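Coordinates as given in model-v5.cif (mmCIF, C-alpha atoms and all ligand atoms):
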```cif
data_my_file
loop_
_atom_site.label_atom_id
_atom_site.label_comp_id
_atom_site.auth_asym_id
_atom_site.auth_seq_id
_atom_site.Cartn_x
_atom_site.Cartn_y
_atom_site.Cartn_z
CA MET A 1 0.00 0.00 0.00
CA ALA A 2 1.28 3.44 -0.87
CA LEU A 3 2.01 6.03 1.82
CA ASP A 4 0.09 9.30 1.82
CA GLN A 5 2.04 12.23 0.37
CA GLU A 6 2.76 13.85 3.72
CA THR A 7 4.10 10.69 5.40
CA ARG A 8 6.18 9.96 2.33
CA ALA A 9 7.70 13.47 2.36
CA GLN A 10 8.43 13.22 6.10
CA LEU A 11 10.10 9.85 5.71
CA ILE A 12 12.27 11.06 2.84
CA ALA A 13 13.24 14.20 4.79
CA ALA A 14 14.19 12.10 7.84
CA ILE A 15 16.34 9.81 5.70
CA ARG A 16 17.97 12.77 3.96
CA ARG A 17 18.92 14.22 7.33
CA PHE A 18 20.24 10.87 8.56
CA VAL A 19 22.40 10.46 5.46
CA LYS A 20 23.82 13.98 5.73
CA GLU A 21 24.33 14.14 9.48
CA ARG A 22 25.15 10.56 10.41
CA LEU A 23 26.31 8.53 7.40
CA MET A 24 28.39 10.90 5.29
CA PRO A 25 30.48 12.23 8.22
CA ASN A 26 31.34 8.62 9.14
CA GLU A 27 32.42 7.42 5.69
CA ALA A 28 36.15 7.72 6.31
CA ARG A 29 35.89 6.01 9.69
CA VAL A 30 33.89 3.10 8.25
CA ALA A 31 36.39 2.67 5.42
CA GLN A 32 39.29 2.83 7.86
CA GLU A 33 37.83 0.45 10.46
CA ASP A 34 36.11 -1.82 7.92
CA ALA A 35 33.05 -1.80 10.18
CA ILE A 36 29.86 0.20 10.62
CA PRO A 37 29.68 1.62 14.16
CA GLN A 38 27.12 -0.07 16.38
CA GLU A 39 25.38 3.21 17.14
CA ILE A 40 24.71 3.76 13.44
CA LEU A 41 23.33 0.24 13.06
CA THR A 42 21.04 0.98 16.01
CA GLU A 43 19.85 4.21 14.39
CA MET A 44 19.22 2.31 11.13
CA ARG A 45 17.07 -0.16 13.06
CA GLU A 46 15.16 2.66 14.76
CA LEU A 47 14.49 4.29 11.40
CA GLY A 48 13.06 0.99 10.16
CA LEU A 49 15.60 0.63 7.36
CA PHE A 50 15.91 -3.15 7.75
CA GLY A 51 12.19 -3.53 7.13
CA ILE A 52 11.62 -1.11 4.24
CA SER A 53 10.18 -3.77 1.93
CA ILE A 54 8.68 -6.12 4.53
CA GLY A 55 4.91 -5.94 5.09
CA GLU A 56 3.50 -3.98 8.00
CA GLU A 57 1.83 -7.14 9.27
CA TYR A 58 5.36 -8.44 9.93
CA GLY A 59 6.59 -5.23 11.52
CA GLY A 60 8.15 -3.69 8.40
CA LEU A 61 7.42 -0.35 6.74
CA GLY A 62 5.67 -2.16 3.88
CA LEU A 63 6.81 0.32 1.24
CA ASN A 64 5.99 -0.30 -2.38
CA MET A 65 8.78 -0.35 -4.98
CA GLU A 66 8.41 3.31 -5.92
CA GLU A 67 8.74 4.35 -2.29
CA GLU A 68 11.67 2.00 -1.77
CA ALA A 69 13.36 3.59 -4.80
CA LEU A 70 12.73 7.11 -3.48
CA LEU A 71 14.36 6.13 -0.19
CA MET A 72 17.29 4.51 -1.98
CA PHE A 73 17.87 7.69 -4.00
CA GLU A 74 18.58 9.29 -0.60
CA LEU A 75 20.39 6.40 1.10
CA GLY A 76 22.46 5.75 -2.01
CA ARG A 77 24.12 9.14 -1.52
CA ALA A 78 26.22 7.73 1.31
CA ALA A 79 29.14 5.38 0.69
CA PRO A 80 27.58 2.07 -0.45
CA ALA A 81 28.87 0.07 2.56
CA PHE A 82 26.14 1.71 4.66
CA ARG A 83 23.47 0.48 2.25
CA SER A 84 24.90 -3.00 2.40
CA ALA A 85 24.32 -3.21 6.17
CA PHE A 86 20.53 -3.25 5.82
CA ALA A 87 20.00 -3.93 2.13
CA THR A 88 20.21 -7.72 2.23
CA ASN A 89 17.30 -7.63 4.70
CA VAL A 90 15.38 -5.35 2.33
CA GLY A 91 16.18 -7.34 -0.79
CA ILE A 92 17.87 -10.62 -1.52
CA GLY A 93 18.02 -11.82 2.11
CA SER A 94 14.29 -11.50 2.82
CA GLN A 95 12.42 -11.51 -0.46
CA GLY A 96 12.72 -15.23 -1.16
CA ILE A 97 10.66 -15.82 1.97
CA ALA A 98 8.42 -12.77 1.45
CA LEU A 99 7.58 -13.74 -2.16
CA ASP A 100 7.49 -17.53 -2.03
CA GLY A 101 7.66 -18.61 1.63
CA THR A 102 4.93 -20.45 3.52
CA GLU A 103 2.90 -18.55 6.11
CA GLU A 104 4.92 -20.29 8.84
CA GLN A 105 8.22 -19.21 7.27
CA LYS A 106 7.03 -15.63 6.92
CA ALA A 107 5.80 -15.49 10.51
CA ARG A 108 8.99 -17.08 11.81
CA TYR A 109 11.52 -14.87 10.01
CA LEU A 110 10.08 -11.67 8.55
CA PRO A 111 9.47 -9.83 11.87
CA ARG A 112 13.07 -10.37 12.99
CA LEU A 113 14.41 -9.45 9.54
CA ALA A 114 12.27 -6.30 9.54
CA SER A 115 13.58 -5.20 12.93
CA GLY A 116 17.17 -5.94 11.99
CA GLU A 117 17.52 -8.42 14.87
CA LEU A 118 18.27 -11.08 12.26
CA ILE A 119 20.54 -10.39 9.27
CA GLY A 120 19.45 -12.15 6.08
CA SER A 121 21.85 -13.31 3.40
CA PHE A 122 21.38 -14.79 -0.11
CA ALA A 123 23.51 -17.81 -0.97
CA LEU A 124 23.32 -18.49 -4.70
CA THR A 125 26.86 -17.94 -6.09
CA GLU A 126 29.37 -20.80 -5.82
CA PRO A 127 33.05 -21.19 -6.69
CA ASP A 128 32.08 -22.59 -10.13
CA VAL A 129 28.61 -21.07 -10.51
CA GLY A 130 28.21 -17.31 -10.89
CA SER A 131 26.36 -15.92 -13.89
CA ASP A 132 25.13 -19.40 -14.84
CA ALA A 133 22.90 -19.53 -11.81
CA ALA A 134 20.85 -22.53 -12.98
CA SER A 135 23.92 -24.79 -12.67
CA VAL A 136 23.98 -24.71 -8.86
CA ARG A 137 26.10 -27.60 -7.57
CA ALA A 138 25.33 -27.48 -3.86
CA THR A 139 23.02 -30.36 -3.02
CA ALA A 140 20.18 -30.91 -0.59
CA ARG A 141 19.32 -34.57 -0.05
CA ARG A 142 16.09 -35.46 1.68
CA GLU A 143 16.46 -37.85 4.61
CA GLY A 144 13.20 -38.46 6.42
CA ASP A 145 12.02 -35.17 7.88
CA HIS A 146 15.36 -33.43 7.20
CA TYR A 147 17.55 -32.31 4.30
CA LEU A 148 21.32 -32.72 4.25
CA LEU A 149 23.03 -29.79 2.53
CA ASN A 150 26.48 -30.03 0.99
CA GLY A 151 28.49 -27.52 -1.01
CA THR A 152 30.18 -24.13 -0.87
CA LYS A 153 28.71 -20.71 -1.55
CA ARG A 154 31.04 -17.86 -2.45
CA PHE A 155 31.19 -14.04 -2.07
CA ILE A 156 28.06 -14.05 0.09
CA THR A 157 27.24 -10.52 1.24
CA ASN A 158 26.72 -10.15 5.00
CA ALA A 159 27.42 -13.86 5.55
CA PRO A 160 29.75 -13.13 8.51
CA GLN A 161 26.88 -11.37 10.31
CA ALA A 162 23.97 -13.40 8.96
CA GLY A 163 21.50 -15.23 11.15
CA LEU A 164 19.54 -16.56 8.18
CA PHE A 165 20.58 -17.72 4.72
CA THR A 166 18.38 -18.20 1.66
CA VAL A 167 20.28 -21.10 0.10
CA MET A 168 19.80 -22.41 -3.42
CA ALA A 169 20.68 -26.12 -3.63
CA ARG A 170 19.95 -28.97 -5.99
CA THR A 171 17.32 -31.35 -4.64
CA ASP A 172 17.08 -33.37 -7.82
CA PRO A 173 20.49 -34.49 -9.11
CA GLN A 174 18.78 -36.07 -12.14
CA ARG A 175 17.64 -32.64 -13.35
CA PRO A 176 20.70 -30.62 -14.34
CA GLY A 177 19.21 -27.15 -14.95
CA ALA A 178 16.93 -24.74 -13.15
CA ALA A 179 14.19 -27.27 -12.44
CA GLY A 180 16.37 -29.29 -10.05
CA VAL A 181 17.09 -26.33 -7.75
CA SER A 182 15.25 -25.60 -4.50
CA ALA A 183 15.53 -22.72 -2.03
CA PHE A 184 15.98 -23.18 1.71
CA ALA A 185 15.82 -20.88 4.72
CA VAL A 186 18.82 -22.01 6.75
CA GLU A 187 19.57 -20.62 10.19
CA ALA A 188 23.16 -19.70 11.04
CA GLY A 189 23.43 -22.17 13.89
CA ALA A 190 22.53 -25.21 11.76
CA PRO A 191 24.98 -28.08 12.43
CA GLY A 192 27.44 -28.43 9.53
CA LEU A 193 27.23 -24.77 8.45
CA THR A 194 30.39 -22.68 8.71
CA THR A 195 31.48 -19.37 7.26
CA GLY A 196 34.92 -18.57 5.85
CA THR A 197 37.27 -15.66 6.41
CA PRO A 198 35.91 -12.34 5.11
CA GLU A 199 37.48 -11.41 1.75
CA ARG A 200 39.66 -8.33 1.31
CA LYS A 201 37.89 -6.27 -1.33
CA MET A 202 38.63 -3.41 -3.74
CA GLY A 203 36.11 -1.12 -2.04
CA GLN A 204 33.01 -0.92 0.13
CA GLN A 205 35.01 -1.51 3.33
CA GLY A 206 32.52 -2.00 6.14
CA ALA A 207 30.49 -4.45 4.05
CA HIS A 208 31.60 -8.04 4.36
CA ILE A 209 31.51 -11.10 2.15
CA CYS A 210 32.76 -14.63 2.71
CA ASP A 211 32.22 -18.27 1.82
CA VAL A 212 29.41 -20.27 3.39
CA ILE A 213 30.26 -23.95 3.67
CA PHE A 214 27.76 -26.77 4.12
CA GLU A 215 29.05 -30.16 5.26
CA ASP A 216 26.21 -32.59 5.85
CA CYS A 217 24.35 -29.59 7.19
CA ARG A 218 21.08 -30.86 8.64
CA VAL A 219 18.02 -28.66 8.24
CA PRO A 220 14.40 -29.59 8.95
CA ALA A 221 12.19 -30.26 5.93
CA GLU A 222 10.18 -27.14 6.88
CA ALA A 223 13.22 -25.08 5.76
CA LEU A 224 12.27 -25.69 2.12
CA ILE A 225 10.97 -22.29 0.97
CA GLY A 226 7.34 -22.58 -0.09
CA GLY A 227 7.36 -26.27 0.84
CA VAL A 228 7.77 -27.36 -2.79
CA GLU A 229 10.95 -28.68 -4.40
CA GLY A 230 12.21 -27.44 -7.77
CA ARG A 231 11.13 -23.83 -7.41
CA GLY A 232 14.35 -22.39 -6.04
CA PHE A 233 15.74 -21.00 -9.27
CA LYS A 234 12.53 -19.12 -10.03
CA THR A 235 12.47 -17.78 -6.49
CA ALA A 236 16.04 -16.56 -6.95
CA MET A 237 15.19 -14.91 -10.28
CA LYS A 238 12.17 -13.11 -8.82
CA VAL A 239 14.25 -11.90 -5.91
CA LEU A 240 16.89 -10.60 -8.31
CA ASP A 241 14.31 -8.83 -10.51
CA LYS A 242 13.35 -6.72 -7.52
CA GLY A 243 16.92 -6.48 -6.25
CA ARG A 244 18.07 -5.03 -9.55
CA LEU A 245 15.68 -2.10 -9.22
CA HIS A 246 16.93 -1.50 -5.70
CA ILE A 247 20.54 -1.51 -6.94
CA ALA A 248 19.67 0.83 -9.81
CA ALA A 249 18.06 3.26 -7.35
CA SER A 250 21.17 3.11 -5.16
CA CYS A 251 23.32 3.94 -8.21
CA VAL A 252 21.17 6.99 -8.93
CA GLY A 253 21.66 8.22 -5.35
CA LEU A 254 25.41 7.77 -5.47
CA ALA A 255 25.68 9.45 -8.89
CA GLU A 256 23.66 12.45 -7.73
CA ARG A 257 25.88 12.79 -4.67
CA MET A 258 29.08 12.60 -6.75
CA ILE A 259 27.71 15.23 -9.13
CA ASP A 260 27.20 17.53 -6.12
CA ASP A 261 30.73 16.72 -4.95
CA MET A 262 32.34 17.48 -8.29
CA LEU A 263 30.49 20.80 -8.57
CA ALA A 264 31.31 21.77 -4.99
CA TYR A 265 34.97 21.23 -5.76
CA ALA A 266 34.88 22.89 -9.18
CA VAL A 267 33.32 26.16 -8.00
CA GLU A 268 36.03 26.55 -5.32
CA ARG A 269 39.12 25.28 -7.11
CA ARG A 270 40.79 28.00 -9.20
CA GLN A 271 43.16 27.53 -12.13
CA PHE A 272 44.21 29.98 -14.83
CA GLY A 273 42.75 32.72 -12.66
CA ARG A 274 39.20 31.42 -12.38
CA PRO A 275 37.14 28.59 -10.89
CA ILE A 276 37.56 25.41 -12.91
CA ALA A 277 33.74 25.16 -13.06
CA GLU A 278 33.90 27.85 -15.74
CA PHE A 279 35.85 25.69 -18.17
CA GLN A 280 33.68 24.15 -20.84
CA LEU A 281 35.58 20.86 -21.00
CA LEU A 282 34.61 20.29 -17.36
CA GLN A 283 31.11 21.60 -17.96
CA ALA A 284 30.61 18.85 -20.53
CA MET A 285 31.33 16.34 -17.78
CA PHE A 286 28.83 18.03 -15.46
CA ALA A 287 26.12 18.11 -18.11
CA ASP A 288 26.63 14.52 -19.26
CA SER A 289 26.53 13.34 -15.66
CA ARG A 290 23.36 15.28 -14.88
CA ALA A 291 21.52 14.03 -17.96
CA GLU A 292 22.57 10.41 -17.43
CA ALA A 293 21.64 10.43 -13.74
CA LEU A 294 18.25 11.89 -14.62
CA ALA A 295 17.72 9.20 -17.25
CA ALA A 296 18.52 6.48 -14.72
CA ARG A 297 16.23 8.09 -12.11
CA ALA A 298 13.40 8.16 -14.63
CA MET A 299 13.97 4.52 -15.61
CA VAL A 300 13.91 3.41 -11.98
CA LEU A 301 10.73 5.35 -11.15
CA GLU A 302 8.85 4.28 -14.27
CA THR A 303 9.80 0.63 -13.81
CA SER A 304 9.03 0.71 -10.08
CA ARG A 305 5.57 2.15 -10.70
CA ARG A 306 4.85 -0.51 -13.31
CA ARG A 307 6.00 -3.21 -10.90
CA ASP A 308 3.71 -1.76 -8.22
CA ALA A 309 0.86 -1.92 -10.75
CA GLY A 310 1.45 -5.66 -11.08
CA GLU A 311 3.33 -5.79 -14.36
CA ASP A 312 6.19 -8.20 -15.01
CA VAL A 313 9.17 -5.85 -15.24
CA GLY A 314 12.04 -8.34 -15.34
CA VAL A 315 13.40 -6.91 -18.59
CA GLU A 316 12.92 -3.28 -17.56
CA ALA A 317 14.60 -3.98 -14.20
CA ALA A 318 17.55 -5.46 -16.10
CA CYS A 319 17.64 -2.34 -18.33
CA ALA A 320 17.57 -0.05 -15.28
CA LYS A 321 20.28 -2.02 -13.45
CA MET A 322 22.50 -2.11 -16.52
CA PHE A 323 22.12 1.57 -17.36
CA ALA A 324 22.30 2.91 -13.80
CA SER A 325 25.33 0.85 -12.79
CA GLU A 326 27.24 1.77 -15.95
CA MET A 327 26.17 5.39 -15.50
CA VAL A 328 27.41 5.57 -11.90
CA GLY A 329 30.74 4.15 -13.08
CA ARG A 330 31.11 6.97 -15.60
CA VAL A 331 30.11 9.59 -13.05
CA ALA A 332 32.55 8.16 -10.48
CA ASP A 333 35.31 8.39 -13.08
CA ARG A 334 34.43 12.00 -13.99
CA ASN A 335 34.31 12.88 -10.29
CA VAL A 336 37.91 11.72 -9.92
CA GLN A 337 38.87 13.63 -13.09
CA VAL A 338 37.28 16.89 -11.97
CA HIS A 339 39.16 16.59 -8.67
CA GLY A 340 42.44 16.19 -10.60
CA GLY A 341 45.33 15.10 -8.37
CA ALA A 342 43.07 15.38 -5.33
CA GLY A 343 40.81 12.79 -6.95
CA TYR A 344 43.54 10.20 -6.46
CA ILE A 345 44.08 11.02 -2.79
CA ARG A 346 42.31 9.06 -0.09
CA GLU A 347 41.47 12.08 2.02
CA TYR A 348 39.02 13.23 -0.66
CA ARG A 349 36.04 10.95 -1.11
CA ALA A 350 36.25 10.73 -4.91
CA GLU A 351 38.85 7.98 -4.75
CA GLN A 352 36.86 5.84 -2.33
CA LEU A 353 33.56 6.25 -4.16
CA PHE A 354 35.25 5.36 -7.46
CA ARG A 355 36.32 2.02 -5.99
CA ASP A 356 33.01 1.52 -4.19
CA ALA A 357 30.96 2.12 -7.34
CA ARG A 358 32.80 -0.55 -9.32
CA LEU A 359 30.84 -3.36 -7.69
CA PHE A 360 27.47 -2.14 -8.98
CA ARG A 361 28.29 -3.41 -12.48
CA ILE A 362 29.02 -6.88 -11.11
CA TYR A 363 26.73 -8.03 -8.34
CA GLU A 364 23.08 -9.07 -8.67
CA GLY A 365 23.93 -9.89 -12.29
CA THR A 366 26.76 -8.38 -14.34
CA THR A 367 26.10 -5.88 -17.11
CA GLN A 368 26.64 -8.74 -19.55
CA ILE A 369 23.96 -10.85 -17.84
CA GLN A 370 21.52 -7.92 -17.99
CA GLN A 371 22.26 -7.67 -21.72
CA VAL A 372 21.52 -11.38 -22.12
CA ILE A 373 18.22 -11.08 -20.24
CA ILE A 374 17.12 -8.02 -22.23
CA ALA A 375 18.13 -9.30 -25.66
CA LYS A 376 16.74 -12.80 -25.08
CA ALA A 377 13.31 -11.32 -24.34
CA MET A 378 13.55 -9.06 -27.38
CA VAL A 379 14.24 -11.99 -29.69
CA VAL A 380 11.30 -13.94 -28.23
CA GLU A 381 9.00 -10.92 -28.73
CA ALA A 382 10.22 -10.50 -32.32
CA ARG A 383 9.59 -14.18 -33.03
CA GLU A 384 6.10 -13.85 -31.59
CA ARG A 385 5.40 -10.80 -33.75
CA ALA A 386 6.68 -12.69 -36.79
CA GLY A 387 4.41 -15.63 -35.99
CA LEU A 388 7.43 -17.90 -35.54
CA LEU A 389 6.48 -19.10 -32.05
N1 LIG A 401 11.20 -14.64 -12.95
C1 LIG A 401 10.56 -15.83 -12.89
N2 LIG A 401 10.96 -16.94 -13.55
C2 LIG A 401 12.05 -16.85 -14.31
C3 LIG A 401 12.79 -15.65 -14.42
C4 LIG A 401 12.31 -14.53 -13.72
N3 LIG A 401 12.94 -13.35 -13.77
N4 LIG A 401 13.84 -15.84 -15.23
C5 LIG A 401 13.78 -17.12 -15.62
N5 LIG A 401 12.71 -17.73 -15.05
C6 LIG A 401 12.27 -19.12 -15.25
C7 LIG A 401 12.06 -19.40 -16.73
O1 LIG A 401 10.77 -19.02 -17.12
C8 LIG A 401 12.28 -20.89 -16.81
O2 LIG A 401 11.12 -21.54 -16.36
P1 LIG A 401 10.51 -22.81 -17.18
O3 LIG A 401 11.61 -23.82 -17.20
O4 LIG A 401 9.33 -23.21 -16.37
O5 LIG A 401 10.17 -22.27 -18.53
C9 LIG A 401 13.38 -21.13 -15.77
O6 LIG A 401 13.30 -20.03 -14.86
C10 LIG A 401 14.76 -21.18 -16.39
O7 LIG A 401 14.97 -19.97 -17.09
P2 LIG A 401 16.05 -19.77 -18.23
O8 LIG A 401 16.02 -20.96 -19.15
O9 LIG A 401 15.86 -18.41 -18.78
O10 LIG A 401 17.42 -19.85 -17.39
P3 LIG A 401 18.91 -19.68 -17.86
O11 LIG A 401 19.70 -20.78 -17.33
O12 LIG A 401 18.95 -19.38 -19.33
O13 LIG A 401 19.41 -18.39 -17.02
C11 LIG A 401 19.87 -16.12 -16.50
C12 LIG A 401 18.96 -17.19 -17.14
C13 LIG A 401 21.17 -15.88 -17.23
C14 LIG A 401 18.96 -14.91 -16.63
C15 LIG A 401 20.15 -16.42 -15.01
O14 LIG A 401 20.99 -17.52 -14.88
C16 LIG A 401 20.72 -15.23 -14.26
O15 LIG A 401 20.00 -14.28 -13.92
N6 LIG A 401 22.03 -15.26 -13.96
C17 LIG A 401 22.67 -14.24 -13.17
C18 LIG A 401 22.60 -14.60 -11.75
C19 LIG A 401 23.03 -13.47 -10.89
O16 LIG A 401 22.49 -12.39 -10.95
N7 LIG A 401 24.03 -13.73 -10.06
C20 LIG A 401 24.52 -12.70 -9.22
C21 LIG A 401 24.77 -13.27 -7.89
S1 LIG A 401 23.39 -13.31 -6.89
S2 LIG A 401 23.62 -11.65 -5.83
#
```
Take the structure I supplied and represent it as structure tokens, if you would.
Amino acid sequence: MALDQETRAQLIAAIRRFVKERLMPNEARVAQEDAIPQEILTEMRELGLFGISIGEEYGGLGLNMEEEALLMFELGRAAPAFRSAFATNVGIGSQGIALDGTEEQKARYLPRLASGELIGSFALTEPDVGSDAASVRATARREGDHYLLNGTKRFITNAPQAGLFTVMARTDPQRPGAAGVSAFAVEAGAPGLTTGTPERKMGQQGAHICDVIFEDCRVPAEALIGGVEGRGFKTAMKVLDKGRLHIAASCVGLAERMIDDMLAYAVERRQFGRPIAEFQLLQAMFADSRAEALAARAMVLETSRRRDAGEDVGVEAACAKMFASEMVGRVADRNVQVHGGAGYIREYRAEQLFRDARLFRIYEGTTQIQQVIIAKAMVVEARERAGLL
């Protein structure tokens, strides 16, 4: 259900203040310490950020996609590690259960995910399975009223902190592709589940990823999401369709912030006797960035509204994710360029945000995977129009 205009405006204003007063001043500290301070995590919980997308009946804010995008335009302005702290609970770590879980699974997990008491994590990627998500090798073998999970998941965001994993594993070894995959809600304490050492990453310090290892990990049969085998791949794809809009919105926020940063620097910095903002070669970078960020914002809002209206927007979400993540990469690069030598120096944020932004083109489906999704649908539509299907 959509919020009334006044509540929506108040919420956005509160988030804007939080980003400006609490998140942005702590960016350097978070990058340095590779951790988000506890007091900020507490404030995020109090603001309801962990439950943005979870229904009010489960204690969340129950925002629709358009509202979630509007919030992410604001939250995306801060260094992306902050987003990562709550975003798995908003997206990939909760939506498998929210979209396809049984009533019992929803009642058991969604309230604690919404409050941030429980951190949710999405375990699809494996050492040998990344873009080809239907080839999941991890297995889940039914034994009486339990499943035994075996396999390794890789680069799993928030796994070191997670209390709950949505795990994609193959329940039917006879079926090699998507149809043999099922999704499970696995609690962190399950016997046989361990997590690896957090990886050292290019950017986004403060957000953590590591392996999740299953060795004869015993989970009750009720952990099967939706209670039906063979639906895990589709669950994962639906989760990612929504996740890609969320990522695109975050890219818009970060791009808009970096545009502000580059202008703030350019109106102060003087060369050849005047502010560098007056030079047309730099102005071209400002204008291109502004137009591209606006285009991405419009794509996200249009697609979010259509999703809220019940349309299947898988292709449009892929378009938005592809365009917005590539766009934020270009803006991050221009931001460094406008800052000149200072753009390469850690003390200025341009360098950090450049590294942070690089991930957007990779996770929740690379740009190349978005291209595959978009073009595949276009060919099917063309065949239909030509009467070839
Ligand atoms: N929503 C619902 N169902 C979907 C779907 C979607 N978005 N996309 C595919 N499916 C269904 C298909 O309809 C098909 O169902 P049927 O067998 O009943 O017809 C089934 O899932 C298999 O689909 P498809 O044949 O298209 O699967 P592919 O193996 O060709 O894979 C891509 C498709 C490449 C799109 C998929 O593997 C993918 O998204 N990979 C990237 C994964 C990713 O983002 N990883 C990042 C790490 S997770 S943070």
Counting only C-alpha atoms and all ligand atoms, name the residues that have an atom within 7 Å of an atom of ligand LIG 401 (chain A); the answer should be given as a tab-separated table (two decimals) with C-alpha atoms, in the coordinates of the input.
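Contents of part_33.tsv, as written:
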```tsv
chain	number	residue	atom	x	y	z
A	122	PHE	CA	21.38	-14.79	-0.11
A	124	LEU	CA	23.32	-18.49	-4.70
A	125	THR	CA	26.86	-17.94	-6.09
A	130	GLY	CA	28.21	-17.31	-10.89
A	131	SER	CA	26.36	-15.92	-13.89
A	132	ASP	CA	25.13	-19.40	-14.84
A	133	ALA	CA	22.90	-19.53	-11.81
A	134	ALA	CA	20.85	-22.53	-12.98
A	177	GLY	CA	19.21	-27.15	-14.95
A	178	ALA	CA	16.93	-24.74	-13.15
A	179	ALA	CA	14.19	-27.27	-12.44
A	233	PHE	CA	15.74	-21.00	-9.27
A	234	LYS	CA	12.53	-19.12	-10.03
A	235	THR	CA	12.47	-17.78	-6.49
A	237	MET	CA	15.19	-14.91	-10.28
A	238	LYS	CA	12.17	-13.11	-8.82
A	240	LEU	CA	16.89	-10.60	-8.31
A	241	ASP	CA	14.31	-8.83	-10.51
A	314	GLY	CA	12.04	-8.34	-15.34
A	363	TYR	CA	26.73	-8.03	-8.34
A	364	GLU	CA	23.08	-9.07	-8.67
A	365	GLY	CA	23.93	-9.89	-12.29
A	366	THR	CA	26.76	-8.38	-14.34
A	369	ILE	CA	23.96	-10.85	-17.84
A	372	VAL	CA	21.52	-11.38	-22.12
A	373	ILE	CA	18.22	-11.08	-20.24
```
Inset, instruction - May I ask which of the residues A:Gln204, A:Val380, A:Gly60, A:Ile119 is the closest one to Val30 of chain A, counting only C-alpha atoms? - result: A:Gln204
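Interatomic distance, atom CA of Cys319 of chain A to atom CA of Leu245 of chain A: 9.3 Å.
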Inset, instruction - Name all residues at most 9 Å from segment 68-80 of chain A (count all atoms listed in the file; drop same-chain ones fewer than 5 positions away) and give them as number ranges by chain. - result: A: 11-12, 15-16, 18-20, 23-24, 27, 52-53, 63, 204, 207, 245-258, 297, 300-301, 304, 352-353, 356-357
Legend entry - Polymer residues at most 6 Å from Ala296 of chain A, all atoms listed in the file, same-chain spacing of 3 or more positions, as a PyMOL selection string: chain A and resi 293+299+324
Inset, instruction - Enter the distance from atom CA of Glu103 of chain A to atom CA of Leu3 of chain A, in Å, rounded to one decimal. - result: 25.0 Å
Inset, instruction - Would you mind reading off the distance between atom CA of Thr88 of chain A and atom CA of Phe50 of chain A, one decimal, in Å? - result: 8.4 Å
Legend entry - Cut-off 8 Å around (9.6, -2.9, -11.1) with all atoms listed in the file: residues as a ChimeraX atom specification: /A:65,241-242,245,300,302-308,311-314,316-317
Legend entry - Distance criterion (all atoms listed in the file): nearest to Arg330 of chain A out of A:Ile259, A:Cys210, A:Ala13, A:Leu164: A:Ile259
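Shell of Leu47 of chain A at 9 Å, with all atoms listed in the file counted and residues fewer than 4 places along the chain excluded, is Ala14, Ile15, Thr42 and Glu43 of chain A.
Using all atoms listed in the file, the smallest distance between any of A:Gln174, A:Gln5, A:Gln161, A:Asn150 and Cys217 of chain A comes from A:Asn150.
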